[in-house]
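Asker: You'll find upload34.txt just under this line, and it carries compact mmCIF, C-alpha atoms and all ligand atoms.
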```txt
# COMPACT_ATOMS: atom_id res chain seq x y z
CA MET A 1 17.90 24.60 -14.71
CA THR A 2 15.84 24.39 -11.56
CA ASP A 3 12.07 24.37 -11.97
CA GLN A 4 10.50 27.37 -10.24
CA THR A 5 7.70 25.24 -8.77
CA GLU A 6 7.67 25.73 -5.00
CA LEU A 7 7.83 22.70 -2.70
CA LEU A 8 7.70 22.67 1.09
CA LEU A 9 9.96 20.05 2.70
CA VAL A 10 8.74 19.36 6.22
CA ASN A 11 11.57 17.25 7.61
CA GLU A 12 14.84 15.69 6.48
CA PHE A 13 13.29 12.28 5.79
CA HIS A 14 15.95 11.02 3.34
CA PRO A 15 18.93 13.25 2.45
CA GLU A 16 19.47 11.65 -0.99
CA THR A 17 15.83 12.26 -1.99
CA ILE A 18 15.93 15.78 -0.54
CA ALA A 19 18.99 16.52 -2.74
CA ARG A 20 17.12 15.24 -5.81
CA LEU A 21 14.08 17.38 -4.93
CA ASP A 22 16.41 20.39 -4.49
CA GLY A 23 17.49 19.83 -8.11
CA LYS A 24 13.91 19.72 -9.40
CA TYR A 25 12.00 22.33 -7.40
CA ARG A 26 12.43 25.53 -5.48
CA THR A 27 12.45 23.86 -2.07
CA HIS A 28 11.77 25.39 1.35
CA LYS A 29 13.12 23.42 4.32
CA LEU A 30 10.95 23.81 7.37
CA TRP A 31 13.42 22.14 9.75
CA GLU A 32 16.09 24.72 8.94
CA VAL A 33 13.83 27.47 10.28
CA ASP A 34 13.44 28.14 14.04
CA SER A 35 10.08 26.83 15.25
CA LYS A 36 8.99 30.37 16.18
CA ASP A 37 9.66 31.59 12.61
CA ARG A 38 8.00 28.69 10.79
CA ILE A 39 4.61 30.33 10.51
CA GLU A 40 6.29 33.27 8.73
CA LEU A 41 7.74 30.92 6.13
CA ILE A 42 4.34 29.23 5.73
CA ASN A 43 2.61 32.60 5.27
CA SER A 44 5.20 33.66 2.71
CA LEU A 45 4.39 30.53 0.65
CA SER A 46 0.63 31.05 0.74
CA GLY A 47 -0.84 31.11 -2.77
CA LYS A 48 2.54 30.10 -4.28
CA CYS A 49 3.07 26.61 -2.91
CA SER A 50 0.53 23.79 -3.01
CA ALA A 51 2.64 20.70 -2.20
CA ALA A 52 4.70 19.39 0.70
CA ALA A 53 6.86 16.31 1.25
CA SER A 54 7.35 14.79 4.70
CA ALA A 55 8.13 11.64 6.67
CA SER A 56 4.80 9.80 6.92
CA TRP A 57 5.09 9.23 10.66
CA GLU A 58 5.91 12.81 11.63
CA VAL A 59 4.37 15.95 10.14
CA ASP A 60 4.82 19.35 11.80
CA PRO A 61 1.19 20.55 12.21
CA VAL A 62 2.23 24.04 11.07
CA VAL A 63 2.01 22.75 7.45
CA TYR A 64 -1.79 22.78 7.73
CA GLU A 65 -1.55 26.55 8.15
CA LEU A 66 -0.48 26.76 4.51
CA GLU A 67 -3.75 27.87 2.96
CA SER A 68 -2.82 26.82 -0.57
CA LEU A 69 -1.75 23.29 0.47
CA GLN A 70 -3.36 20.64 -1.75
CA PHE A 71 -1.00 17.69 -1.63
CA ILE A 72 1.32 15.94 0.87
CA ALA A 73 3.75 13.37 -0.54
CA ALA A 74 4.57 11.21 2.48
CA PHE A 75 7.75 9.14 2.72
CA GLY A 76 6.78 5.89 4.49
CA VAL A 77 3.80 3.56 4.54
CA GLY A 78 2.34 4.20 8.01
CA VAL A 79 0.57 7.55 7.72
CA ASP A 80 -0.08 8.08 11.45
CA GLY A 81 1.79 11.40 11.27
CA ILE A 82 -0.89 12.86 8.99
CA ASP A 83 -3.87 14.64 10.55
CA PHE A 84 -6.61 13.22 8.34
CA SER A 85 -9.30 15.28 10.05
CA LYS A 86 -7.53 18.31 8.54
CA THR A 87 -6.67 16.82 5.13
CA ARG A 88 -10.24 15.52 4.68
CA ALA A 89 -11.81 18.80 5.72
CA ARG A 90 -9.57 20.73 3.31
CA GLY A 91 -9.54 18.22 0.44
CA ILE A 92 -5.75 17.85 0.72
CA ARG A 93 -4.58 14.72 -1.09
CA VAL A 94 -1.96 12.41 0.45
CA SER A 95 0.33 9.78 -1.06
CA ASN A 96 2.55 7.29 0.80
CA THR A 97 5.16 4.66 -0.17
CA PRO A 98 3.59 1.19 0.20
CA ASP A 99 4.92 -2.13 -1.11
CA VAL A 100 8.51 -1.03 -1.88
CA LEU A 101 9.36 -1.59 1.80
CA ASN A 102 7.58 -4.92 2.35
CA ASP A 103 10.69 -7.06 1.82
CA ALA A 104 12.99 -5.00 4.04
CA VAL A 105 10.50 -4.89 6.92
CA ALA A 106 9.69 -8.60 6.56
CA ASP A 107 13.42 -9.45 6.50
CA LEU A 108 13.86 -7.54 9.75
CA ALA A 109 10.88 -9.33 11.32
CA LEU A 110 12.52 -12.66 10.48
CA ALA A 111 15.81 -11.45 11.96
CA MET A 112 13.94 -10.50 15.16
CA ILE A 113 12.17 -13.88 15.30
CA LEU A 114 15.50 -15.68 14.96
CA ALA A 115 17.43 -13.37 17.30
CA GLY A 116 14.66 -13.56 19.91
CA SER A 117 14.24 -17.34 19.75
CA ARG A 118 17.97 -18.04 19.97
CA ASN A 119 18.78 -15.11 22.29
CA LEU A 120 21.45 -13.94 19.85
CA ILE A 121 22.19 -10.50 21.27
CA ASN A 122 22.89 -11.90 24.75
CA ALA A 123 24.83 -14.79 23.20
CA ASP A 124 27.13 -12.31 21.48
CA ALA A 125 27.76 -10.47 24.78
CA PHE A 126 28.30 -13.80 26.55
CA ALA A 127 30.97 -14.84 24.02
CA ARG A 128 32.70 -11.43 23.98
CA GLN A 129 32.82 -11.11 27.75
CA GLY A 130 34.44 -14.51 28.26
CA HIS A 131 31.51 -16.09 30.16
CA TRP A 132 31.81 -19.17 27.94
CA LEU A 133 34.91 -20.10 29.96
CA GLN A 134 32.62 -20.72 32.93
CA GLY A 135 30.11 -22.89 31.02
CA PRO A 136 27.76 -23.04 28.04
CA PHE A 137 25.14 -20.47 27.05
CA PRO A 138 21.51 -21.39 27.98
CA PHE A 139 19.50 -23.15 25.27
CA GLY A 140 17.28 -21.21 22.89
CA ARG A 141 14.01 -22.32 21.30
CA SER A 142 13.48 -24.04 17.92
CA LEU A 143 11.08 -22.63 15.36
CA GLN A 144 9.94 -25.93 13.83
CA ASP A 145 6.24 -26.61 14.56
CA LYS A 146 5.79 -23.44 16.62
CA THR A 147 3.03 -20.97 15.84
CA LEU A 148 3.72 -17.45 14.63
CA GLY A 149 0.68 -15.28 15.35
CA ILE A 150 0.52 -12.22 13.13
CA ALA A 151 -1.59 -9.34 14.40
CA GLY A 152 -2.25 -7.31 11.24
CA LEU A 153 -1.93 -9.61 8.24
CA GLY A 154 -1.52 -7.08 5.43
CA ARG A 155 1.10 -6.91 2.72
CA ILE A 156 4.02 -6.87 5.15
CA GLY A 157 2.48 -9.67 7.25
CA GLN A 158 2.07 -11.76 4.13
CA ALA A 159 5.76 -11.21 3.26
CA VAL A 160 6.73 -12.28 6.81
CA ALA A 161 4.54 -15.42 6.54
CA GLU A 162 6.18 -16.41 3.23
CA ARG A 163 9.59 -16.18 4.89
CA ALA A 164 8.46 -17.98 8.07
CA LEU A 165 6.91 -21.04 6.41
CA PRO A 166 10.25 -22.58 5.29
CA PHE A 167 11.38 -22.46 8.95
CA GLY A 168 8.53 -24.85 9.81
CA LEU A 169 6.43 -22.23 11.58
CA ASN A 170 2.64 -22.50 11.49
CA ILE A 171 0.94 -19.19 10.77
CA ALA A 172 -2.13 -17.80 12.54
CA TYR A 173 -3.45 -14.25 12.35
CA HIS A 174 -5.89 -11.72 13.68
CA ASN A 175 -7.34 -8.86 11.63
CA ARG A 176 -10.55 -6.98 12.24
CA ARG A 177 -12.02 -9.08 9.44
CA GLN A 178 -11.05 -12.50 8.16
CA THR A 179 -9.19 -12.36 4.84
CA GLU A 180 -9.05 -14.92 2.05
CA SER A 181 -5.80 -16.26 3.48
CA ASP A 182 -5.61 -19.99 4.34
CA PHE A 183 -3.83 -19.22 7.62
CA SER A 184 -5.80 -19.92 10.76
CA TYR A 185 -7.91 -16.91 11.75
CA HIS A 186 -8.60 -15.68 15.30
CA ASP A 187 -11.38 -13.21 15.86
CA SER A 188 -9.63 -11.67 18.87
CA LEU A 189 -6.08 -10.66 19.70
CA GLU A 190 -6.31 -12.54 23.00
CA SER A 191 -7.23 -15.79 21.27
CA LEU A 192 -4.37 -15.29 18.78
CA ALA A 193 -1.93 -14.65 21.66
CA ARG A 194 -3.10 -17.78 23.49
CA ASP A 195 -2.46 -19.89 20.38
CA SER A 196 0.93 -18.31 19.51
CA ASP A 197 4.49 -19.09 20.53
CA ILE A 198 5.63 -15.92 18.80
CA LEU A 199 3.25 -12.96 18.59
CA LEU A 200 4.15 -10.41 15.92
CA GLY A 201 2.53 -6.95 15.92
CA ILE A 202 2.20 -5.19 12.54
CA LEU A 203 -0.60 -2.84 13.50
CA PRO A 204 -0.85 0.70 12.16
CA GLY A 205 -0.77 3.63 14.59
CA GLY A 206 -3.72 5.78 15.60
CA GLU A 207 -6.54 5.65 18.12
CA SER A 208 -8.10 2.41 16.86
CA THR A 209 -5.01 0.37 17.78
CA ARG A 210 -3.78 2.32 20.82
CA GLY A 211 -2.70 0.04 23.69
CA LEU A 212 -4.06 -3.16 22.14
CA PHE A 213 -0.98 -5.10 23.25
CA ASN A 214 -1.42 -4.97 27.00
CA ARG A 215 -0.93 -7.18 30.02
CA LYS A 216 -3.99 -9.29 29.25
CA ILE A 217 -2.49 -10.13 25.86
CA PHE A 218 0.99 -10.82 27.29
CA ARG A 219 -0.50 -13.15 29.91
CA ALA A 220 -2.38 -14.97 27.15
CA LEU A 221 0.90 -15.34 25.20
CA GLY A 222 2.39 -16.98 28.29
CA PRO A 223 5.79 -17.60 29.94
CA GLU A 224 7.41 -19.24 26.91
CA GLY A 225 6.13 -16.59 24.49
CA LEU A 226 8.11 -14.12 22.39
CA PHE A 227 6.48 -10.77 21.55
CA ILE A 228 7.74 -8.78 18.56
CA ASN A 229 6.56 -5.38 17.35
CA ILE A 230 7.37 -3.88 13.94
CA GLY A 231 4.12 -1.90 13.52
CA ARG A 232 3.71 1.18 15.68
CA GLY A 233 4.77 1.72 19.29
CA SER A 234 1.42 3.25 20.23
CA SER A 235 -0.20 -0.19 19.91
CA VAL A 236 1.79 -1.38 22.97
CA VAL A 237 1.32 -0.38 26.61
CA GLU A 238 5.06 -0.20 27.18
CA GLU A 239 4.94 -0.16 30.99
CA GLU A 240 2.79 -3.31 31.00
CA LEU A 241 5.18 -4.99 28.57
CA ALA A 242 8.06 -4.11 30.91
CA GLN A 243 6.18 -5.62 33.87
CA SER A 244 5.33 -8.78 31.96
CA LEU A 245 8.97 -9.19 30.92
CA ALA A 246 10.32 -8.44 34.41
CA GLU A 247 7.90 -10.90 36.02
CA LYS A 248 8.54 -13.51 33.30
CA GLU A 249 4.89 -13.55 32.25
CA ILE A 250 6.41 -13.75 28.77
CA ALA A 251 9.90 -15.02 27.95
CA ALA A 252 11.21 -12.27 25.73
CA ALA A 253 10.40 -9.41 23.37
CA ALA A 254 11.95 -7.60 20.42
CA LEU A 255 10.83 -4.10 19.44
CA ASP A 256 11.63 -1.89 16.46
CA VAL A 257 9.06 0.81 17.27
CA TYR A 258 8.16 2.84 20.38
CA GLU A 259 5.45 5.17 21.54
CA ASN A 260 7.69 8.27 21.85
CA GLU A 261 10.49 7.74 19.35
CA PRO A 262 13.40 8.19 19.65
CA ARG A 263 12.84 7.83 23.39
CA ILE A 264 12.79 4.31 24.85
CA PRO A 265 11.49 3.89 28.41
CA VAL A 266 14.19 2.90 30.93
CA SER A 267 11.77 0.27 32.26
CA LEU A 268 12.38 -1.55 28.94
CA SER A 269 16.04 -0.74 28.29
CA ARG A 270 17.17 -2.03 31.69
CA LEU A 271 15.78 -5.52 30.97
CA ASP A 272 17.95 -8.24 29.46
CA ASN A 273 15.11 -10.27 27.92
CA ILE A 274 14.28 -7.68 25.27
CA ILE A 275 15.96 -6.72 21.99
CA LEU A 276 15.64 -3.00 21.21
CA LEU A 277 16.12 -1.70 17.66
CA PRO A 278 15.98 1.97 16.57
CA HIS A 279 13.07 1.77 14.06
CA ILE A 280 15.09 0.32 11.18
CA GLY A 281 12.36 -1.76 9.49
CA SER A 282 12.68 -0.07 6.11
CA ALA A 283 16.17 1.30 6.69
CA THR A 284 18.20 -0.30 3.92
CA LEU A 285 19.93 1.80 1.26
CA GLU A 286 17.90 0.16 -1.51
CA THR A 287 14.52 0.42 0.21
CA ARG A 288 14.91 4.01 1.32
CA ARG A 289 15.98 4.91 -2.22
CA ALA A 290 12.87 3.18 -3.64
CA MET A 291 10.67 5.02 -1.12
CA GLY A 292 12.29 8.30 -2.18
CA GLN A 293 11.69 7.52 -5.84
CA LEU A 294 7.99 7.01 -5.10
CA VAL A 295 7.84 10.39 -3.36
CA ILE A 296 9.47 11.99 -6.42
CA ASP A 297 7.13 10.17 -8.83
CA ASN A 298 4.02 11.10 -6.84
CA LEU A 299 5.08 14.75 -6.79
CA ALA A 300 5.71 14.68 -10.56
CA ALA A 301 2.27 13.11 -11.12
CA TYR A 302 0.61 15.72 -8.91
CA PHE A 303 2.28 18.64 -10.69
CA ASN A 304 1.51 17.13 -14.14
CA GLY A 305 -2.13 16.59 -13.22
CA SER A 306 -1.75 12.80 -13.69
CA PRO A 307 -3.23 10.20 -11.29
CA LEU A 308 -1.08 9.79 -8.17
CA LEU A 309 0.77 6.47 -8.10
CA THR A 310 -0.04 5.59 -4.49
CA GLU A 311 -2.73 7.87 -3.14
CA VAL A 312 -3.95 7.21 0.41
CA GLN A 313 -7.72 6.82 0.42
CA ASN A 314 -9.19 8.13 3.64
C1 LIG B 1 6.86 3.26 7.63
O1 LIG B 1 7.11 3.46 6.44
O2 LIG B 1 5.78 3.51 8.13
C2 LIG B 1 7.95 2.68 8.43
O3 LIG B 1 7.60 2.50 9.75
C3 LIG B 1 9.19 3.53 8.32
O4 LIG B 1 10.25 2.67 8.53
```
Will you turn the file into structure tokens for me?

Answerer:
Amino acid sequence: MTDQTELLLVNEFHPETIARLDGKYRTHKLWEVDSKDRIELINSLSGKCSAAASASWEVDPVVYELESLQFIAAFGVGVDGIDFSKTRARGIRVSNTPDVLNDAVADLALAMILAGSRNLINADAFARQGHWLQGPFPFGRSLQDKTLGIAGLGRIGQAVAERALPFGLNIAYHNRRQTESDFSYHDSLESLARDSDILLGILPGGESTRGLFNRKIFRALGPEGLFINIGRGSSVVEEELAQSLAEKEIAAAALDVYENEPRIPVSLSRLDNIILLPHIGSATLETRRAMGQLVIDNLAAYFNGSPLLTEVQN
């Protein structure tokens, strides 16, 4: 029997989890309602519904119109879709899904490091299109003894570093504050870029990181450098990255995230020294299922009055 507890579902973040939530609660799907009618749905839930579930990176602001809202269970670790000025002011609690996605995102970062260093995507096209008949593919770069600079050494960065060490990469990092890590610390992004052969961005979104990867940083990385971003697209000035790639100020880039997803600027997609992925860092069957389970468990804890498993402190 379906519980009569009301739950607002903001977007279709993971169909399998949505189906499980449908079996547990009386769900209301915001994305199935025309945008002009959404406020009517929200008003009809006022006083009856106190919880919502949503992708962490994208929350329709109409949810904050729900006067009785007390909890948002976010699917994802990066909570840049949440308007914390509103949640703080209203005492709305928020949970996210950290840790369960560290391995998947770190695996993808390694794949991007390898694919970027050995130019694998272009090598595949070269082989398929018969260019090999005219001569060999240009050499790639080895990883041994190169420096991987990690901008944002948190839990995912640590998981990337553990995977990178067996490839012979040296690890350096920049955070706002030095951590207890033994890796070599740089107190500025520019200094990290200057010391890195591969610069990996794992910065969260939001105003404090907006545009930090800009032309000055790409010039510091230099003409042999590889830039990779698996954090948030808003941390990169995309037009300046495109210029640096076009003018060979850096050798290559690989991106999984963009400022206006799912839109990718043509200035980037027309270049052949960049690998473009459609934000698939955590997109494995197992990881998305584990993220969904954490959403379900946080909702159960909220409704039972138990401590949330992974509450975002803000
Ligand atoms: C997250 O959880 O923030 C990821 O970017 C989603 O893949």

Asker: What does the list of residues within 8 Å of ligand LIG 1 (chain B) look like if you count all atoms listed in the file, written as a ChimeraX atom specification?

Answerer: /A:56-57,75-79,97-98,101,105,230-232,257,279-283

Asker: Between A:Leu169, A:Ile39, A:Leu9, A:Leu114, single out the one closest to Ala53 in chain A, counting all atoms listed in the file.

Answerer: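 So, comparing all the options, the nearest one is A:Leu9.
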
Asker: With a distance cut-off of 6 Å and only C-alpha atoms, select the neighbouring residues of Asn229 in chain A, excluding the residue or stretch itself and same-chain residues fewer than 3 positions from it, and output the selection as a PyMOL selection string.

Answerer: chain A and resi 200-201+255

Asker: Quick one: of A:Gly292, A:Gly206, A:Gly23, A:Gly225, who's nearest to Gly149 in chain A, counting all atoms listed in the file?

Answerer: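 Closest to Gly149 in chain A of all the choices is A:Gly225.
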
Asker: Within 7 Å of Phe213 in chain A, counting only C-alpha atoms, which residues show up once you throw out same-chain ones fewer than 6 positions away? Write them as an MDAnalysis selection string, please.

Answerer: chainID A and resid 235:237

Asker: Give me, as a list in words, all polymer residues having an atom no more than 10 Å from Arg20 in chain A, counting only C-alpha atoms and skipping those fewer than 3 positions away in the same chain.

Answerer: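 Near neighbours after the sequence-gap exclusion: Pro15, Glu16, Thr17, Gly23, Lys24, Tyr25, Gly292, Gln293 and Ile296 of chain A.
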
Asker: Please measure the separation of CA of Arg93 in chain A and CA of Pro204 in chain A, giving the value in Å to one decimal.

Answerer: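 Going from CA of Arg93 in chain A over to CA of Pro204 in chain A, I get 19.6 Å.
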
Asker: Pick out the closest residue to Ala172 in chain A from this set: A:Leu108, A:Asp197, A:Ile156, A:Arg215. Count all atoms listed in the file.

Answerer: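 That would be A:Asp197, the residue with the smallest distance to Ala172 in chain A.
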
Asker: For the atom pair CA of Ala89 in chain A and CA of Asn260 in chain A, what is the interatomic distance in Å to one decimal place?

Answerer: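 We find that CA of Ala89 in chain A and CA of Asn260 in chain A lie 27.4 Å from each other.
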
Asker: Centre and edge lengths of an axis-aligned box around all listed atoms of range 223-233 of chain A, with 5 Å added on each side, are to be given in Å to one decimal, as AutoDock Vina command-line options.

Answerer:
```
--center_x 5.9 --center_y -8.8 --center_z 21.7 --size_x 14.4 --size_y 31.0 --size_z 26.4
```

Asker: So, with only C-alpha atoms as the atoms that count, which of A:Ala161, A:Leu199, A:Ile228, A:Ala55 lies closest to Phe183 in chain A?

Answerer: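 Residue with the minimum atom-to-atom distance to Phe183 in chain A: A:Ala161.
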
Asker: Do a neighbour search on Ala253 in chain A at 12 Å with all atoms listed in the file, toss out local chain neighbours closer than 4 positions, and write the hits as an MDAnalysis selection string.

Answerer: chainID A and resid 112:119 197:201 218 221 223:230 236 238 241:246 248:249 257 268:269 271:277

Asker: Please, what distance in Å, to one decimal, runs between CA of Asn43 in chain A and CA of Tyr64 in chain A?

Answerer: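 Between CA of Asn43 in chain A and CA of Tyr64 in chain A the gap is 11.0 Å.
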
Asker: Using all atoms listed in the file, pick whichever of A:Ser196, A:Gln158, A:Thr87, A:Thr147 has the shortest atom-to-atom distance to Ser181 in chain A.

Answerer: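 Once distances to Ser181 in chain A are computed over all atoms listed in the file, the minimum belongs to A:Gln158.
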
Asker: Which residues, written as a list in words, have at least one atom at most 10 Å from Gln144 in chain A, with all atoms listed in the file counted and residues fewer than 4 positions away on the same chain left out?

Answerer: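 Everything that qualifies: Ala164, Leu165, Pro166, Phe167, Gly168, Leu169 and Asn170 of chain A.
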
Asker: Find, counting all atoms listed in the file, the residue in A:Ala51, A:Ala111, A:Val63, A:Leu189 that gets nearest to Leu30 in chain A.

Answerer: A:Val63

Asker: Please determine the residues with any atom at most 12 Å from (-9.4, -16.5, 10.8) (coordinates as given in the file, with all atoms listed in the file counting) and report them as a list in words.

Answerer: Gly149, Ile150, Ala151, Gly152, Leu153, Ile171, Ala172, Tyr173, His174, Asn175, Arg176, Arg177, Gln178, Thr179, Glu180, Ser181, Asp182, Phe183, Ser184, Tyr185, His186, Asp187, Ser188, Leu189, Ser191 and Leu192 of chain A
